[in-house]
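S.K.: PDB, C-alpha atoms, file work_24.pdb:
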```pdb
ATOM      1  CA  MET L   1      76.113 104.330  87.021
ATOM      2  CA  LEU L   2      76.342 106.116  90.353
ATOM      3  CA  THR L   3      79.241 105.136  92.610
ATOM      4  CA  ALA L   4      78.410 105.134  96.314
ATOM      5  CA  PRO L   5      79.835 108.082  98.284
ATOM      6  CA  ILE L   6      82.545 107.707 100.926
ATOM      7  CA  HIS L   7      81.529 109.314 104.197
ATOM      8  CA  ASP L   8      83.726 111.106 106.720
ATOM      9  CA  ASN L   9      83.661 108.156 109.129
ATOM     10  CA  GLU L  10      85.206 105.768 106.586
ATOM     11  CA  GLU L  11      88.481 105.304 108.467
ATOM     12  CA  ALA L  12      86.681 104.413 111.686
ATOM     13  CA  ARG L  13      84.281 102.172 109.781
ATOM     14  CA  LEU L  14      87.121 100.259 108.128
ATOM     15  CA  GLN L  15      88.915  99.898 111.466
ATOM     16  CA  THR L  16      85.738  98.452 112.986
ATOM     17  CA  LEU L  17      85.457  96.014 110.081
ATOM     18  CA  ARG L  18      89.064  94.867 110.350
ATOM     19  CA  ASN L  19      88.836  94.484 114.113
ATOM     20  CA  LEU L  20      86.200  91.805 113.516
ATOM     21  CA  ASN L  21      88.952  89.485 112.188
ATOM     22  CA  VAL L  22      86.646  87.903 109.611
ATOM     23  CA  LEU L  23      87.831  89.236 106.250
ATOM     24  CA  ASP L  24      89.123  86.441 103.995
ATOM     25  CA  THR L  25      88.259  83.719 106.499
ATOM     26  CA  ALA L  26      86.531  80.482 105.596
ATOM     27  CA  ALA L  27      82.764  80.066 105.335
ATOM     28  CA  GLU L  28      81.002  79.244 108.618
ATOM     29  CA  GLU L  29      77.762  77.428 109.235
ATOM     30  CA  ARG L  30      76.598  80.129 111.673
ATOM     31  CA  PHE L  31      76.340  82.603 108.764
ATOM     32  CA  ASP L  32      75.389  80.112 106.052
ATOM     33  CA  ARG L  33      72.397  79.057 108.140
ATOM     34  CA  ILE L  34      71.106  82.639 108.105
ATOM     35  CA  THR L  35      71.631  83.190 104.369
ATOM     36  CA  ARG L  36      69.973  79.861 103.526
ATOM     37  CA  LEU L  37      67.015  80.854 105.670
ATOM     38  CA  ALA L  38      66.753  84.294 104.057
ATOM     39  CA  LYS L  39      67.022  82.848 100.553
ATOM     40  CA  ARG L  40      64.114  80.491 101.251
ATOM     41  CA  LEU L  41      62.055  82.992 103.230
ATOM     42  CA  PHE L  42      62.103  85.661 100.529
ATOM     43  CA  SER L  43      62.185  83.251  97.535
ATOM     44  CA  VAL L  44      65.189  84.957  95.939
ATOM     45  CA  SER L  45      68.039  83.517  93.901
ATOM     46  CA  ILE L  46      70.893  85.075  95.899
ATOM     47  CA  CYS L  47      71.553  85.938  99.543
ATOM     48  CA  LEU L  48      74.828  87.315 100.896
ATOM     49  CA  VAL L  49      76.541  88.453 104.059
ATOM     50  CA  SER L  50      78.552  91.181 102.375
ATOM     51  CA  LEU L  51      81.344  93.077 104.161
ATOM     52  CA  VAL L  52      82.306  96.365 102.496
ATOM     53  CA  ASP L  53      86.100  96.697 102.553
ATOM     54  CA  GLU L  54      88.121  99.637 101.233
ATOM     55  CA  ASN L  55      88.037  98.602  97.558
ATOM     56  CA  ARG L  56      85.785  95.544  97.477
ATOM     57  CA  GLN L  57      82.766  93.878  98.967
ATOM     58  CA  TRP L  58      83.694  90.462 100.317
ATOM     59  CA  PHE L  59      81.160  87.742 101.055
ATOM     60  CA  LYS L  60      81.399  85.952 104.387
ATOM     61  CA  SER L  61      78.420  83.858 103.342
ATOM     62  CA  CYS L  62      77.130  83.405  99.818
ATOM     63  CA  GLN L  63      74.085  81.528  98.548
ATOM     64  CA  GLY L  64      73.408  81.442  94.819
ATOM     65  CA  LEU L  65      76.547  83.212  93.615
ATOM     66  CA  VAL L  66      79.941  81.774  92.673
ATOM     67  CA  ALA L  67      82.040  84.916  93.285
ATOM     68  CA  SER L  68      83.613  85.518  96.699
ATOM     69  CA  GLU L  69      83.901  89.280  96.193
ATOM     70  CA  THR L  70      83.193  92.084  93.732
ATOM     71  CA  PRO L  71      84.657  95.603  93.358
ATOM     72  CA  ARG L  72      83.195  98.136  95.759
ATOM     73  CA  ASP L  73      82.699 100.763  93.047
ATOM     74  CA  ILE L  74      79.997  98.664  91.355
ATOM     75  CA  SER L  75      78.483  97.259  94.536
ATOM     76  CA  PHE L  76      74.922  97.848  95.682
ATOM     77  CA  CYS L  77      76.015  97.250  99.276
ATOM     78  CA  GLY L  78      78.339 100.261  99.086
ATOM     79  CA  HIS L  79      75.147 102.324  98.841
ATOM     80  CA  ALA L  80      73.231 100.304 101.433
ATOM     81  CA  ILE L  81      75.703 100.998 104.259
ATOM     82  CA  HIS L  82      74.713 104.668 104.119
ATOM     83  CA  HIS L  83      71.152 103.840 105.207
ATOM     84  CA  GLU L  84      69.893 103.043 108.694
ATOM     85  CA  GLY L  85      67.301 100.571 107.448
ATOM     86  CA  PRO L  86      66.827  98.393 104.378
ATOM     87  CA  PHE L  87      68.023  99.836 101.059
ATOM     88  CA  VAL L  88      65.471  98.624  98.513
ATOM     89  CA  ILE L  89      65.798  98.595  94.725
ATOM     90  CA  ASN L  90      62.645  97.136  93.182
ATOM     91  CA  ASP L  91      63.929  97.109  89.592
ATOM     92  CA  ALA L  92      67.568  98.022  89.036
ATOM     93  CA  SER L  93      67.118  98.160  85.253
ATOM     94  CA  LYS L  94      64.814 101.176  85.720
ATOM     95  CA  ASP L  95      66.896 102.890  88.407
ATOM     96  CA  GLU L  96      69.257 105.530  86.992
ATOM     97  CA  ARG L  97      71.787 104.783  89.712
ATOM     98  CA  PHE L  98      72.157 101.152  88.623
ATOM     99  CA  SER L  99      70.665 100.604  85.163
ATOM    100  CA  ASP L 100      74.081 100.524  83.435
ATOM    101  CA  ASN L 101      75.854  98.717  86.293
ATOM    102  CA  PRO L 102      77.654  95.579  85.011
ATOM    103  CA  LEU L 103      75.966  93.532  87.735
ATOM    104  CA  VAL L 104      72.685  94.550  86.101
ATOM    105  CA  THR L 105      73.598  94.422  82.415
ATOM    106  CA  GLU L 106      75.579  91.199  82.842
ATOM    107  CA  ALA L 107      75.382  88.178  85.153
ATOM    108  CA  PRO L 108      73.867  87.907  87.703
ATOM    109  CA  HIS L 109      71.465  90.368  85.998
ATOM    110  CA  ILE L 110      70.297  92.018  89.210
ATOM    111  CA  ARG L 111      66.790  93.429  89.143
ATOM    112  CA  PHE L 112      65.627  93.275  92.758
ATOM    113  CA  TYR L 113      68.043  94.145  95.573
ATOM    114  CA  THR L 114      67.510  94.805  99.260
ATOM    115  CA  GLY L 115      70.367  95.159 101.707
ATOM    116  CA  HIS L 116      69.986  95.696 105.441
ATOM    117  CA  PRO L 117      73.097  97.300 106.991
ATOM    118  CA  LEU L 118      75.076  95.346 109.567
ATOM    119  CA  THR L 119      75.417  97.979 112.281
ATOM    120  CA  MET L 120      77.964  97.197 114.990
ATOM    121  CA  PRO L 121      77.529  98.327 118.634
ATOM    122  CA  ASN L 122      79.696 101.416 117.976
ATOM    123  CA  GLY L 123      77.329 102.516 115.201
ATOM    124  CA  MET L 124      79.618 101.629 112.304
ATOM    125  CA  ARG L 125      77.970  99.846 109.352
ATOM    126  CA  VAL L 126      80.429  97.217 108.156
ATOM    127  CA  GLY L 127      78.328  95.568 105.444
ATOM    128  CA  THR L 128      74.895  94.142 104.731
ATOM    129  CA  LEU L 129      72.712  91.101 104.752
ATOM    130  CA  CYS L 130      71.361  91.387 101.229
ATOM    131  CA  ILE L 131      68.891  89.501  99.063
ATOM    132  CA  ILE L 132      68.988  89.625  95.250
ATOM    133  CA  ASP L 133      66.835  88.350  92.416
ATOM    134  CA  ASP L 134      66.840  88.544  88.624
ATOM    135  CA  LYS L 135      63.166  89.560  88.594
ATOM    136  CA  PRO L 136      61.664  92.860  89.815
ATOM    137  CA  ARG L 137      59.526  92.664  92.922
ATOM    138  CA  GLU L 138      58.025  94.643  95.779
ATOM    139  CA  PHE L 139      59.191  94.474  99.385
ATOM    140  CA  SER L 140      56.561  94.871 102.087
ATOM    141  CA  GLN L 141      56.859  96.307 105.578
ATOM    142  CA  ASP L 142      56.643  92.790 107.030
ATOM    143  CA  ASP L 143      59.477  91.771 104.713
ATOM    144  CA  ARG L 144      61.562  94.684 105.990
ATOM    145  CA  ILE L 145      61.022  93.640 109.603
ATOM    146  CA  ALA L 146      61.950  90.021 108.830
ATOM    147  CA  LEU L 147      65.149  91.071 107.041
ATOM    148  CA  GLN L 148      66.063  93.356 109.932
ATOM    149  CA  ASP L 149      65.660  90.471 112.376
ATOM    150  CA  LEU L 150      67.979  88.296 110.277
ATOM    151  CA  ALA L 151      70.535  91.116 109.914
ATOM    152  CA  GLU L 152      70.601  91.507 113.692
ATOM    153  CA  MET L 153      71.337  87.783 113.961
ATOM    154  CA  VAL L 154      74.339  88.292 111.662
ATOM    155  CA  VAL L 155      75.546  91.186 113.819
ATOM    156  CA  SER L 156      75.249  89.012 116.940
ATOM    157  CA  GLU L 157      77.450  86.383 115.322
ATOM    158  CA  LEU L 158      80.019  89.007 114.272
ATOM    159  CA  VAL L 159      80.125  90.375 117.815
ATOM    160  CA  SER L 160      80.545  86.841 119.159
ATOM    161  CA  ILE L 161      83.520  86.255 116.864
ATOM    162  CA  GLN L 162      85.060  89.551 117.899
ATOM    163  CA  GLN L 163      84.708  88.731 121.574
ATOM    164  CA  THR L 164      86.522  85.417 121.124
ATOM    165  CA  THR L 165      89.277  86.644 118.776
ATOM    166  CA  LEU L 166      90.004  90.137 120.106
ATOM    167  CA  ASP L 167      92.071  91.005 123.147
ATOM    168  CA  GLN L 168      89.748  93.127 125.266
ATOM    169  CA  LEU L 169      92.511  95.164 126.920
ATOM    170  CA  THR L 170      94.520  96.242 123.875
ATOM    171  CA  GLY L 171      91.931  95.974 121.105
ATOM    172  CA  ILE L 172      94.171  93.874 118.843
ATOM    173  CA  SER L 173      93.841  90.175 117.990
ATOM    174  CA  ASN L 174      94.327  87.609 120.716
ATOM    175  CA  ARG L 175      95.994  84.231 120.228
ATOM    176  CA  ARG L 176      92.891  82.638 118.730
ATOM    177  CA  GLY L 177      92.383  85.547 116.377
ATOM    178  CA  PHE L 178      96.027  85.512 115.348
ATOM    179  CA  GLU L 179      96.011  81.821 114.513
ATOM    180  CA  ALA L 180      92.906  82.190 112.339
ATOM    181  CA  LEU L 181      94.268  85.207 110.473
ATOM    182  CA  ALA L 182      97.764  83.758 110.164
ATOM    183  CA  ASN L 183      96.490  80.517 108.648
ATOM    184  CA  GLN L 184      94.453  82.461 106.113
ATOM    185  CA  ALA L 185      97.313  84.845 105.296
ATOM    186  CA  MET L 186      99.873  82.063 104.890
ATOM    187  CA  ALA L 187      97.559  80.127 102.570
ATOM    188  CA  THR L 188      97.152  83.245 100.418
ATOM    189  CA  TRP L 189     100.880  83.939 100.377
ATOM    190  CA  ASP L 190     101.613  80.326  99.455
ATOM    191  CA  ARG L 191      99.293  80.599  96.454
ATOM    192  CA  ASN L 192     101.153  83.731  95.370
ATOM    193  CA  ASN L 193     104.586  82.226  96.085
ATOM    194  CA  VAL L 194     105.357  84.799  98.787
ATOM    195  CA  GLY L 195     107.378  84.213 101.943
ATOM    196  CA  SER L 196     106.807  85.789 105.357
ATOM    197  CA  CYS L 197     108.409  86.758 108.652
ATOM    198  CA  LEU L 198     107.100  86.365 112.171
ATOM    199  CA  VAL L 199     108.331  88.759 114.847
ATOM    200  CA  PHE L 200     107.839  87.744 118.486
ATOM    201  CA  PHE L 201     108.013  90.613 121.020
ATOM    202  CA  ASP L 202     108.258  90.182 124.774
ATOM    203  CA  LEU L 203     108.074  93.153 127.141
ATOM    204  CA  ASP L 204     111.108  93.293 129.394
ATOM    205  CA  TYR L 205     110.689  93.934 133.138
ATOM    206  CA  PHE L 206     106.912  93.706 132.923
ATOM    207  CA  LYS L 207     106.709  91.978 136.303
ATOM    208  CA  GLU L 208     108.661  94.848 137.849
ATOM    209  CA  ILE L 209     106.195  97.357 136.409
ATOM    210  CA  ASN L 210     103.303  95.477 138.023
ATOM    211  CA  ASP L 211     105.138  94.941 141.316
ATOM    212  CA  ASN L 212     106.462  98.494 141.637
ATOM    213  CA  HIS L 213     103.640 100.544 140.130
ATOM    214  CA  GLY L 214     100.536  98.358 140.229
ATOM    215  CA  HIS L 215      98.543  96.361 137.739
ATOM    216  CA  GLU L 216      96.853  99.431 136.281
ATOM    217  CA  ALA L 217     100.300 100.661 135.259
ATOM    218  CA  GLY L 218     100.957  97.240 133.752
ATOM    219  CA  ASP L 219      97.735  97.512 131.742
ATOM    220  CA  ARG L 220      98.792 100.948 130.496
ATOM    221  CA  ALA L 221     102.136  99.517 129.428
ATOM    222  CA  LEU L 222     100.452  96.745 127.442
ATOM    223  CA  LYS L 223      98.039  99.149 125.750
ATOM    224  CA  ALA L 224     100.823 101.588 124.889
ATOM    225  CA  PHE L 225     102.946  98.832 123.359
ATOM    226  CA  ALA L 226     100.002  97.529 121.325
ATOM    227  CA  ASN L 227      99.287 101.045 120.063
ATOM    228  CA  LEU L 228     102.898 101.448 118.955
ATOM    229  CA  LEU L 229     102.722  98.165 117.046
ATOM    230  CA  THR L 230      99.577  99.172 115.183
ATOM    231  CA  GLN L 231     101.008 102.611 114.389
ATOM    232  CA  GLU L 232     104.400 101.440 113.134
ATOM    233  CA  PHE L 233     103.482  98.282 111.225
ATOM    234  CA  ARG L 234     101.263  98.086 108.168
ATOM    235  CA  ASP L 235      97.504  97.576 108.067
ATOM    236  CA  SER L 236      98.157  94.403 106.061
ATOM    237  CA  ASP L 237     100.347  92.905 108.820
ATOM    238  CA  VAL L 238      98.800  90.517 111.331
ATOM    239  CA  ILE L 239      99.303  92.024 114.800
ATOM    240  CA  ALA L 240      98.313  90.295 118.016
ATOM    241  CA  ARG L 241      98.767  90.047 121.742
ATOM    242  CA  PHE L 242      99.792  86.422 122.119
ATOM    243  CA  GLY L 243      99.258  86.366 125.858
ATOM    244  CA  GLY L 244     100.542  88.119 128.970
ATOM    245  CA  ASP L 245     103.342  90.428 127.868
ATOM    246  CA  GLU L 246     103.965  88.733 124.492
ATOM    247  CA  PHE L 247     103.066  90.250 121.118
ATOM    248  CA  LEU L 248     103.307  89.095 117.500
ATOM    249  CA  VAL L 249     103.612  90.675 114.071
ATOM    250  CA  LEU L 250     103.377  88.550 110.914
ATOM    251  CA  PHE L 251     104.149  90.174 107.588
ATOM    252  CA  CYS L 252     104.876  89.099 104.035
ATOM    253  CA  GLU L 253     107.430  89.877 101.331
ATOM    254  CA  CYS L 254     110.216  90.285 103.817
ATOM    255  CA  ASN L 255     113.966  90.016 103.583
ATOM    256  CA  ASP L 256     116.738  90.726 106.058
ATOM    257  CA  GLY L 257     116.893  94.366 104.989
ATOM    258  CA  HIS L 258     113.160  94.868 105.353
ATOM    259  CA  VAL L 259     113.065  93.231 108.783
ATOM    260  CA  THR L 260     115.985  95.329 109.993
ATOM    261  CA  PHE L 261     114.375  98.523 108.693
ATOM    262  CA  ALA L 262     110.993  97.723 110.247
ATOM    263  CA  LEU L 263     112.482  96.859 113.626
ATOM    264  CA  GLU L 264     114.740  99.922 113.649
ATOM    265  CA  ARG L 265     111.760 102.134 112.858
ATOM    266  CA  PHE L 266     109.820 100.534 115.701
ATOM    267  CA  LYS L 267     112.787 100.975 118.038
ATOM    268  CA  ARG L 268     112.913 104.706 117.234
ATOM    269  CA  ALA L 269     109.181 105.026 117.781
ATOM    270  CA  LEU L 270     109.421 103.327 121.163
ATOM    271  CA  LYS L 271     112.277 105.622 122.228
ATOM    272  CA  LYS L 272     110.252 108.649 121.172
ATOM    273  CA  HIS L 273     107.336 107.316 123.220
ATOM    274  CA  ASN L 274     109.512 106.785 126.289
ATOM    275  CA  ASP L 275     111.035 110.275 125.991
ATOM    276  CA  ALA L 276     107.581 111.888 125.888
ATOM    277  CA  SER L 277     105.920 109.627 128.453
ATOM    278  CA  ASN L 278     104.959 110.764 131.937
ATOM    279  CA  GLU L 279     104.807 107.178 133.179
ATOM    280  CA  PRO L 280     107.101 106.120 136.059
ATOM    281  CA  PHE L 281     108.470 103.338 133.840
ATOM    282  CA  GLU L 282     109.926 102.901 130.375
ATOM    283  CA  LEU L 283     108.912 100.308 127.821
ATOM    284  CA  ALA L 284     111.566  97.824 126.746
ATOM    285  CA  TYR L 285     111.384  94.566 124.852
ATOM    286  CA  SER L 286     113.187  91.532 123.519
ATOM    287  CA  VAL L 287     112.436  90.344 120.013
ATOM    288  CA  GLY L 288     112.846  87.132 118.039
ATOM    289  CA  VAL L 289     112.407  86.762 114.288
ATOM    290  CA  ALA L 290     111.607  83.647 112.257
ATOM    291  CA  SER L 291     111.053  83.389 108.521
ATOM    292  CA  ARG L 292     109.061  81.058 106.320
ATOM    293  CA  LYS L 293     109.458  80.464 102.597
ATOM    294  CA  ALA L 294     106.417  80.095 100.387
ATOM    295  CA  ARG L 295     104.908  76.599 100.618
ATOM    296  CA  GLN L 296     107.391  75.606 103.333
ATOM    297  CA  LYS L 297     106.141  72.740 105.515
ATOM    298  CA  LEU L 298     105.917  74.934 108.573
ATOM    299  CA  ASP L 299     102.527  75.435 110.216
ATOM    300  CA  VAL L 300     101.528  78.281 112.509
ATOM    301  CA  THR L 301     102.376  76.378 115.702
ATOM    302  CA  GLN L 302     105.867  75.483 114.469
ATOM    303  CA  TYR L 303     106.368  79.016 113.195
ATOM    304  CA  LEU L 304     105.508  80.412 116.615
ATOM    305  CA  GLU L 305     107.909  78.009 118.315
ATOM    306  CA  LEU L 306     110.789  79.160 116.109
ATOM    307  CA  ALA L 307     110.150  82.849 116.781
ATOM    308  CA  ASP L 308     109.609  82.150 120.482
ATOM    309  CA  GLN L 309     112.944  80.341 120.735
ATOM    310  CA  GLU L 310     114.722  83.238 119.036
ATOM    311  CA  MET L 311     113.092  85.727 121.356
ATOM    312  CA  TYR L 312     114.009  83.844 124.534
ATOM    313  CA  GLN L 313     117.636  83.609 123.471
ATOM    314  CA  VAL L 314     117.673  87.387 123.099
ATOM    315  CA  LYS L 315     115.849  87.852 126.405
ATOM    316  CA  ALA L 316     118.335  85.622 128.197
ATOM    317  CA  ARG L 317     121.177  87.754 126.896
ATOM    318  CA  HIS L 318     119.361  90.885 128.137
ATOM    319  CA  HIS L 319     119.073  89.451 131.642
ATOM    320  CA  ASP L 320     122.674  88.247 131.653
ATOM    321  CA  ALA L 321     123.764  91.786 130.808
ATOM    322  CA  ARG L 322     121.859  93.345 133.736
TER
END
```
Just dump the structure as structure tokens.

M.R.:
Amino acid sequence: MLTAPIHDNEEARLQTLRNLNVLDTAAEERFDRITRLAKRLFSVSICLVSLVDENRQWFKSCQGLVASETPRDISFCGHAIHHEGPFVINDASKDERFSDNPLVTEAPHIRFYTGHPLTMPNGMRVGTLCIIDDKPREFSQDDRIALQDLAEMVVSELVSIQQTTLDQLTGISNRRGFEALANQAMATWDRNNVGSCLVFFDLDYFKEINDNHGHEAGDRALKAFANLLTQEFRDSDVIARFGGDEFLVLFCECNDGHVTFALERFKRALKKHNDASNEPFELAYSVGVASRKARQKLDVTQYLELADQEMYQVKARHHDAR
């Protein structure tokens, strides 16, 4: 079995994928409609919208297969993302790259596979629209064009999601994106009996930055703060601009010591940024922290309210001390 290579642009590709805010989210009719259509159009047993993550391929839409993901090292789609057009395997049992692959020798007994890469506007291929059957077959030029058209429809839907869940200024999740990811993360953590912490940041003196230095300076302040958050917190943490000058970080497996360590590390990073900055202002913030035990009856809205209340108490003390 031949494992698909990892190209030099993998880090940028994974960042593009994660910025879509779709991994581990619920099925959606907008994608299921396309995979149902493809399954019927090509008369195959399986059709997937497959997103190739670091160590897995995860299915945003799945027709004809029970699994929600499979390991990347045995995936066909891991190979397909290295091609500009459709990656066609007419008979996997006779292809030396795949003949001993467990997806071929065992269920679903793949014989025919074609995956068209899902190429985002920045050129990164985040996954495929793929069709699979347990019988060998040919794939004509007309078939290739039809699959390309359907793959472009999937890309359009992914871009639409990104535009509604991503903050355009900072490039991190917006409030809508945060709520979707937080709900999914909390459900996963509840199943694994894991608690979490929500950190609510508010930039101090942001109005003064805008008033004294202009709104472009205010935009630079927001982007710099967002960059610091993404650099200092983990890839697995949910990071978002909640609105205006408010930011959020949600992370799991936390305790008082971990929260203190994470916030102290961020504080040092922000000081280092301020010391090296040529801006006519310094970044400062107030922060509130709330925690949630596994399976606690506390939804995202209530969670946000708790962290928000903590943050405003801290912010009030900051202003009283001025």

S.K.: What does the structure give for the distance between CA of Gly177 in chain L and CA of Leu306 in chain L, in Å to one decimal?

M.R.: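 Computed distance, CA of Gly177 in chain L to CA of Leu306 in chain L, equals 19.5 Å.
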
S.K.: Apply the PyMOL selection byres ((chain L and resi 144) around 12) to the displayed file and report the matching residues as a PyMOL selection string.

M.R.: chain L and resi 38+42+85-88+114-117+129-131+138-143+145-151

S.K.: Would you list the residues near (86.6, 101.0, 97.0), meaning any protein, DNA or RNA residue with an atom at most 7 Å from that point in file coordinates, counting only C-alpha atoms, as a list in words?

M.R.: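 Those residues lying close to the given coordinates are Glu54, Asn55, Arg56, Pro71, Arg72 and Asp73 of chain L.
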
S.K.: Excluding range 246-255 of chain L and residues on its chain fewer than 5 positions from it, collect all residues at most 10 Å away from it, counting all atoms listed in the file, and give them as a ChimeraX atom specification.

M.R.: /L:172-175,178,181-182,185-186,189,193-204,222,225-226,229-230,233-241,260-262,285-294,304,307-308

S.K.: With C-alpha atoms retained, export the selected residues as a PDB file, in the frame of the given file.

M.R.:
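Written file, result27.pdb:
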```pdb
ATOM      1  CA  ILE L 172      94.171  93.874 118.843  1.00  0.00           C
ATOM      2  CA  SER L 173      93.841  90.175 117.990  1.00  0.00           C
ATOM      3  CA  ASN L 174      94.327  87.609 120.716  1.00  0.00           C
ATOM      4  CA  ARG L 175      95.994  84.231 120.228  1.00  0.00           C
ATOM      5  CA  PHE L 178      96.027  85.512 115.348  1.00  0.00           C
ATOM      6  CA  LEU L 181      94.268  85.207 110.473  1.00  0.00           C
ATOM      7  CA  ALA L 182      97.764  83.758 110.164  1.00  0.00           C
ATOM      8  CA  ALA L 185      97.313  84.845 105.296  1.00  0.00           C
ATOM      9  CA  MET L 186      99.873  82.063 104.890  1.00  0.00           C
ATOM     10  CA  TRP L 189     100.880  83.939 100.377  1.00  0.00           C
ATOM     11  CA  ASN L 193     104.586  82.226  96.085  1.00  0.00           C
ATOM     12  CA  VAL L 194     105.357  84.799  98.787  1.00  0.00           C
ATOM     13  CA  GLY L 195     107.378  84.213 101.943  1.00  0.00           C
ATOM     14  CA  SER L 196     106.807  85.789 105.357  1.00  0.00           C
ATOM     15  CA  CYS L 197     108.409  86.758 108.652  1.00  0.00           C
ATOM     16  CA  LEU L 198     107.100  86.365 112.171  1.00  0.00           C
ATOM     17  CA  VAL L 199     108.331  88.759 114.847  1.00  0.00           C
ATOM     18  CA  PHE L 200     107.839  87.744 118.486  1.00  0.00           C
ATOM     19  CA  PHE L 201     108.013  90.613 121.020  1.00  0.00           C
ATOM     20  CA  ASP L 202     108.258  90.182 124.774  1.00  0.00           C
ATOM     21  CA  LEU L 203     108.074  93.153 127.141  1.00  0.00           C
ATOM     22  CA  ASP L 204     111.108  93.293 129.394  1.00  0.00           C
ATOM     23  CA  LEU L 222     100.452  96.745 127.442  1.00  0.00           C
ATOM     24  CA  PHE L 225     102.946  98.832 123.359  1.00  0.00           C
ATOM     25  CA  ALA L 226     100.002  97.529 121.325  1.00  0.00           C
ATOM     26  CA  LEU L 229     102.722  98.165 117.046  1.00  0.00           C
ATOM     27  CA  THR L 230      99.577  99.172 115.183  1.00  0.00           C
ATOM     28  CA  PHE L 233     103.482  98.282 111.225  1.00  0.00           C
ATOM     29  CA  ARG L 234     101.263  98.086 108.168  1.00  0.00           C
ATOM     30  CA  ASP L 235      97.504  97.576 108.067  1.00  0.00           C
ATOM     31  CA  SER L 236      98.157  94.403 106.061  1.00  0.00           C
ATOM     32  CA  ASP L 237     100.347  92.905 108.820  1.00  0.00           C
ATOM     33  CA  VAL L 238      98.800  90.517 111.331  1.00  0.00           C
ATOM     34  CA  ILE L 239      99.303  92.024 114.800  1.00  0.00           C
ATOM     35  CA  ALA L 240      98.313  90.295 118.016  1.00  0.00           C
ATOM     36  CA  ARG L 241      98.767  90.047 121.742  1.00  0.00           C
ATOM     37  CA  THR L 260     115.985  95.329 109.993  1.00  0.00           C
ATOM     38  CA  PHE L 261     114.375  98.523 108.693  1.00  0.00           C
ATOM     39  CA  ALA L 262     110.993  97.723 110.247  1.00  0.00           C
ATOM     40  CA  TYR L 285     111.384  94.566 124.852  1.00  0.00           C
ATOM     41  CA  SER L 286     113.187  91.532 123.519  1.00  0.00           C
ATOM     42  CA  VAL L 287     112.436  90.344 120.013  1.00  0.00           C
ATOM     43  CA  GLY L 288     112.846  87.132 118.039  1.00  0.00           C
ATOM     44  CA  VAL L 289     112.407  86.762 114.288  1.00  0.00           C
ATOM     45  CA  ALA L 290     111.607  83.647 112.257  1.00  0.00           C
ATOM     46  CA  SER L 291     111.053  83.389 108.521  1.00  0.00           C
ATOM     47  CA  ARG L 292     109.061  81.058 106.320  1.00  0.00           C
ATOM     48  CA  LYS L 293     109.458  80.464 102.597  1.00  0.00           C
ATOM     49  CA  ALA L 294     106.417  80.095 100.387  1.00  0.00           C
ATOM     50  CA  LEU L 304     105.508  80.412 116.615  1.00  0.00           C
ATOM     51  CA  ALA L 307     110.150  82.849 116.781  1.00  0.00           C
ATOM     52  CA  ASP L 308     109.609  82.150 120.482  1.00  0.00           C
TER      53      ASP L 308
END
```

S.K.: Please identify all polymer residues lying at most 6 Å from the point (68.2, 92.6, 90.7) (file coordinates), using only C-alpha atoms, and present the result as a ChimeraX atom specification.

M.R.: /L:92,110-113,132-134

S.K.: Looking at all atoms listed in the file, which of L:Phe266, L:Asp211, L:Asp299, L:Gly64 is the one that sits closest to Arg40 in chain L?

M.R.: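 Looking at the shortest contact to Arg40 in chain L, the residue is L:Gly64.
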
S.K.: Enumerate, as a ChimeraX atom specification, the residues matched when the PyMOL selection byres ((chain L and resi 52) around 9) is run on the file above.

M.R.: /L:14,17,50-51,53-59,72,75,77-78,81,125-128

S.K.: Tell me which protein, DNA and RNA residues are within 9 Å of Leu65 in chain L, counting all atoms listed in the file, leaving out same-chain ones fewer than 5 positions away, and put them as number ranges by chain.

M.R.: L: 45-48, 108

S.K.: Given 6 Å on each side, where is the centre and what are the edge lengths in Å to one decimal of the axis-aligned box enclosing the listed atoms of range 290-297 of chain L, as lines of an AutoDock Vina configuration file?

M.R.:
```
center_x = 108.3
center_y = 78.2
center_z = 106.3
size_x = 18.7
size_y = 22.9
size_z = 23.9
```

S.K.: How many Å separate CA of Leu37 in chain L from CA of Leu158 in chain L?

M.R.: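 Answer for the CA of Leu37 in chain L to CA of Leu158 in chain L separation: 17.6 Å.
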
S.K.: Please, what distance in Å, to one decimal, runs between CA of Phe206 in chain L and CA of Asp245 in chain L?

M.R.: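 Here the two named atoms are 7.0 Å from each other.
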
S.K.: Measuring between all atoms listed in the file, which one of L:Leu20, L:Ser43, L:Ser68, L:Leu298 shows the shortest distance to Asn183 in chain L?

M.R.: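 The answer is L:Leu298, which sits nearest to Asn183 in chain L.
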
S.K.: When you count all atoms listed in the file, which of these residues is closest to Gln184 in chain L: L:Asp24, L:Asp91, L:Glu10, L:Glu282?

M.R.: L:Asp24

S.K.: From the list L:Val66, L:Ile209, L:Ile34, L:Val22, which residue is nearest Glu279 in chain L when using all atoms listed in the file?

M.R.: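 That would be L:Ile209, the residue with the smallest distance to Glu279 in chain L.
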
S.K.: Between L:Lys297, L:Ala107, L:Ala276, L:His83, single out the one closest to Asp190 in chain L, counting only C-alpha atoms.

M.R.: L:Lys297

S.K.: Taking only C-alpha atoms into account, which of L:Gly243, L:Glu106, L:Val49, L:Ser160 comes nearest Leu118 in chain L?

M.R.: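 Using only C-alpha atoms, Leu118 in chain L sits closest to L:Val49.
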